[in-house]
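A.B. asks: Dropping a structure here in structure tokens format, bear with me for questions.
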Amino acid sequence: MTKRILIALTSHDDLGGVEKTGYYVPEAAHPWEIFRRAGYDVDVASVRGGEPPQDGFDPGDPAQVAFLASPEQRETARLADVDASRYDAVLYAGGHGTMWDFPDDPGVIRVGREVYERGGVVAAVCHGPAALVNLTLSDGSYLVAGKRVAAFTNDEEKLRGVAHVVPFLLADKLVERGAEHEPGPHWQARVVLDGRLATGQNPASAAPLAERVVEVLAERRA
């Protein structure tokens with residue numbers, strides 16, 4: 001059977017009227033490269049489909065350049081149209097745009113629920129865990145309830161200068177949903193794995209998070 005992972009991206013491009021935003025390119029590009037190297041087919045979807053808005057692009061990074069040139073990034077599927085049964089894992093990449101359109105999007109929630117309940121891995125990095133704040137399972141419980149998670153911290157949001165702009169503080173909202181937020185040092189890689197839920201704190205966490213996802217999937221196939 002084909003090994004396949006989905007990367008989910010925001011379609012929101014406005015950071016509260018302060019500046020333009022979108023998905024944070026390295027948080028998608030580095031996992032995309034790692035997943036493909038591990039033998040997975042990788043699809044990319046976004047909330048509205050098409051070419052999603054970008055933030056944080058480094059033209060000196062070959063992985064980012066390759067990802068932006070890929071057909072799967074240039075013409076993403078709509079999450080509402082995605083058949084979640086095709087995927088071993090879904091990774092919700094970050095970027096501030098996720099804080100506006102991930103929490104209440106039915107496609108974001110459905111894909112995560114279906115992947116998880118079929119025994120797959122749900123992963124999210126930086127602001128990507130905004131996808132988890134309203135992600136409930138079939139029994140109505142929050143996926144993150146009782147689970148250890150990493151996500152962009154309140155302090156990192158303040159240091160970024162937009163704590164007053166985002167619609168909520170991500171770490172606080174996850175705790176409200178019953179998660180145990182485990183922050184690490186500012187801007188340093190931090191990955192937390194709790195069963196089949198894998199989360200990373202910030203952009204530095206994207207590559208190590210992807211490596212952990214690959215490891216978990218390999219263990220499940222063994």
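Just so we're on the same page: first chain in the structure tokens is A, next is B, and so on; residues restart at 1 for each chain, and ligands are numbered from 1 in the order they show up.
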For range 182-213 of chain A against range 140-148 of chain A, with a cut-off of 8 Å and counting only C-alpha atoms, what is the closest atom pair and its distance in Å to one decimal for every residue that makes the cut, ordered by chain and number, as a Markdown table?
C.D. replies:
| residue | atom | partner | partner_atom | distance |
| --- | --- | --- | --- | --- |
| A:Glu182 | CA | A:Arg148 | CA | 6.7 |
| A:Val192 | CA | A:Arg148 | CA | 6.8 |
| A:Leu193 | CA | A:Arg148 | CA | 7.3 |
| A:Asp194 | CA | A:Arg148 | CA | 5.9 |
A.B. asks: Can I get the selected residues back with C-alpha atoms, as a short mmCIF file (atom, residue, chain, number, x, y, z; two decimals), in the first residue's frame?
C.D. replies:
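Listed below is the output, selection.cif:
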data_model
loop_
_atom_site.label_atom_id
_atom_site.label_comp_id
_atom_site.auth_asym_id
_atom_site.auth_seq_id
_atom_site.Cartn_x
_atom_site.Cartn_y
_atom_site.Cartn_z
CA GLU A 182 5.32 21.70 27.83
CA VAL A 192 6.63 16.47 22.27
CA LEU A 193 5.27 13.05 21.35
CA ASP A 194 2.24 11.64 23.16
#
A.B. asks: Please indicate the distance in Å from CA of Gly119 in chain A to CA of Ser138 in chain A, rounded to one decimal place.
C.D. replies: 13.6 Å
A.B. asks: Would you please work out which residue, of A:Ser46, A:Ser205, A:Gln73, A:Thr21, is nearest to Asp105 in chain A when using only C-alpha atoms?
C.D. replies: A:Ser46
A.B. asks: Just how far from CA of Pro203 in chain A is CA of Asp58 in chain A, in Å to one decimal?
C.D. replies: 12.6 Å
A.B. asks: Would you please give, as a PyMOL selection string, all residues of range 24-209 of chain A that DSSP assigns to strand (DSSP E) based on the backbone?
C.D. replies: chain A and resi 24+41-46+54-55+77-78+89-92+121-125+148-149+180-181+191-194+197-200
A.B. asks: For range 125-137 of chain A, find every residue with an atom within 6 Å (counting only C-alpha atoms), except residues of its own chain fewer than 4 positions away, and show them as a list in words.
C.D. replies: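 Neighbouring residues, sequence-local ones excluded: Tyr92, Ala93, Gly94, Gly95, Met99, Phe102, Pro103, Ile109, Arg113, Ser141, Tyr142, Leu143, Ala151, Phe152, Leu174, Thr199, Gly200, Gln201 and Asn202 of chain A.
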